[in-house]
Amino acid sequence: MSIEPFSEERPWGSFRTFTKNLPSTVKTLFVKHGEAFSLQKHNHRTEFWRVLLGNPEITIGDKIINAKPGDEFHIPLETNHRITATNGDTEVLEISLGEFDEQDIVRIEDKYGRV
């Protein structure tokens, strides 16, 4: 299951649908300038990210992307991923599909000693 955003134009502007009739967990992630969360993966959920603020470095699998506001990413099940706020504070919309549990984090690397 993955998220396929859909946009529709209207006379007054437009709207964007991210999920429709799917169980999901929606969060905003705030990463302080110079910080990063664990290089991690999940066994029971996929994630969709949309950068709202900042120019983070996004790691997905073996790719490292210099992102900007409006960029969107799909993180498949069991794929390593991380957000690093290299160029100022960062805010990212996260929509998770699947069985959501904060304990479903497999840390690969972590600068805070949580591996």
# chains A, B, ... in the order shown; residues from 1 in each chain; ligands from 1

call {"tool": "select_by_dssp", "arguments": {"residues": "segment 2-112 of chain A", "states": "strand (DSSP E)", "output": "ChimeraX atom specification"}}
result
/A:6-10,13-17,24-31,39-41,45-53,57-60,63-66,72-75,81-84,90-98,106-109

call {"tool": "write_last_selection", "arguments": {"atoms": "C-alpha atoms", "output": "JSON list (two decimals), in the first residue's frame"}}
result
[["chain", "number", "residue", "atom", "x", "y", "z"],
["A", 6, "PHE", "CA", -4.12, 13.50, -6.08],
["A", 7, "SER", "CA", -4.70, 17.15, -7.01],
["A", 8, "GLU", "CA", -7.81, 18.74, -8.44],
["A", 9, "GLU", "CA", -8.35, 22.27, -9.68],
["A", 10, "ARG", "CA", -11.45, 24.21, -8.65],
["A", 13, "GLY", "CA", -8.03, 27.26, -6.33],
["A", 14, "SER", "CA", -7.24, 23.58, -5.81],
["A", 15, "PHE", "CA", -7.03, 20.80, -3.25],
["A", 16, "ARG", "CA", -4.66, 17.91, -2.68],
["A", 17, "THR", "CA", -5.75, 14.54, -1.29],
["A", 24, "SER", "CA", -3.19, 6.19, 8.55],
["A", 25, "THR", "CA", -1.13, 8.10, 11.09],
["A", 26, "VAL", "CA", -0.31, 11.72, 10.25],
["A", 27, "LYS", "CA", 2.51, 13.62, 11.98],
["A", 28, "THR", "CA", 4.73, 16.60, 11.42],
["A", 29, "LEU", "CA", 8.40, 16.01, 12.13],
["A", 30, "PHE", "CA", 10.54, 18.90, 13.40],
["A", 31, "VAL", "CA", 14.30, 18.44, 13.08],
["A", 39, "LEU", "CA", 19.06, 5.95, 10.04],
["A", 40, "GLN", "CA", 16.17, 3.54, 10.47],
["A", 41, "LYS", "CA", 13.61, 1.27, 8.85],
["A", 45, "ARG", "CA", 4.54, 0.55, 7.87],
["A", 46, "THR", "CA", 5.37, 2.60, 4.81],
["A", 47, "GLU", "CA", 5.76, 6.35, 4.97],
["A", 48, "PHE", "CA", 5.10, 9.33, 2.74],
["A", 49, "TRP", "CA", 7.03, 12.55, 3.40],
["A", 50, "ARG", "CA", 6.40, 16.07, 2.12],
["A", 51, "VAL", "CA", 8.97, 18.73, 3.03],
["A", 52, "LEU", "CA", 7.16, 21.75, 4.50],
["A", 53, "LEU", "CA", 10.09, 23.88, 5.70],
["A", 57, "GLU", "CA", 19.20, 16.04, 3.40],
["A", 58, "ILE", "CA", 16.89, 13.05, 2.87],
["A", 59, "THR", "CA", 18.28, 9.51, 2.89],
["A", 60, "ILE", "CA", 16.16, 6.74, 1.35],
["A", 63, "LYS", "CA", 20.14, 7.64, -2.16],
["A", 64, "ILE", "CA", 20.87, 10.97, -0.48],
["A", 65, "ILE", "CA", 18.75, 13.84, -1.78],
["A", 66, "ASN", "CA", 19.08, 17.56, -1.04],
["A", 72, "GLU", "CA", 7.71, 14.41, -1.73],
["A", 73, "PHE", "CA", 9.10, 10.97, -0.95],
["A", 74, "HIS", "CA", 7.72, 7.44, -0.53],
["A", 75, "ILE", "CA", 9.57, 5.20, 1.92],
["A", 81, "HIS", "CA", 15.66, 6.35, 5.76],
["A", 82, "ARG", "CA", 16.63, 9.50, 7.65],
["A", 83, "ILE", "CA", 16.13, 13.28, 7.70],
["A", 84, "THR", "CA", 19.13, 15.51, 8.43],
["A", 90, "THR", "CA", 13.25, 21.41, 8.99],
["A", 91, "GLU", "CA", 9.59, 20.44, 9.12],
["A", 92, "VAL", "CA", 8.25, 17.40, 7.24],
["A", 93, "LEU", "CA", 4.72, 16.05, 6.94],
["A", 94, "GLU", "CA", 4.74, 12.29, 7.52],
["A", 95, "ILE", "CA", 1.83, 10.00, 6.61],
["A", 96, "SER", "CA", 2.28, 6.38, 7.70],
["A", 97, "LEU", "CA", 0.27, 3.48, 6.31],
["A", 98, "GLY", "CA", 0.17, 0.06, 7.92],
["A", 106, "VAL", "CA", 14.92, -0.63, 13.62],
["A", 107, "ARG", "CA", 17.86, 1.74, 14.13],
["A", 108, "ILE", "CA", 20.86, 1.24, 11.82],
["A", 109, "GLU", "CA", 22.87, 4.30, 12.96]]

call {"tool": "residues_around", "arguments": {"residues": "Thr86 of chain A", "least_positions_apart": "3", "cutoff": "9 Å", "atoms": "only C-alpha atoms", "output": "NGL selection string"}}
result
:A and (33-36 or 54-57 or 89-90)

call {"tool": "closest_residue", "arguments": {"among": "A:Ile3, A:Phe37, A:Pro76, A:Asp101", "to": "Val115 of chain A", "atoms": "only C-alpha atoms"}}
result
A:Phe37

call {"tool": "closest_residue", "arguments": {"among": "A:Ser38, A:Gly88, A:Pro69, A:Gly61", "to": "Gly113 of chain A", "atoms": "only C-alpha atoms"}}
result
A:Ser38

call {"tool": "atom_distance", "arguments": {"atom1": "atom CA of Leu77 of chain A", "atom2": "atom CA of His44 of chain A"}}
result
6.8 Å

call {"tool": "atom_distance", "arguments": {"atom1": "atom CA of Thr19 of chain A", "atom2": "atom CA of Glu4 of chain A"}}
result
7.7 Å

call {"tool": "atom_distance", "arguments": {"atom1": "atom CA of Ala85 of chain A", "atom2": "atom CA of Lys68 of chain A"}}
result
11.2 Å
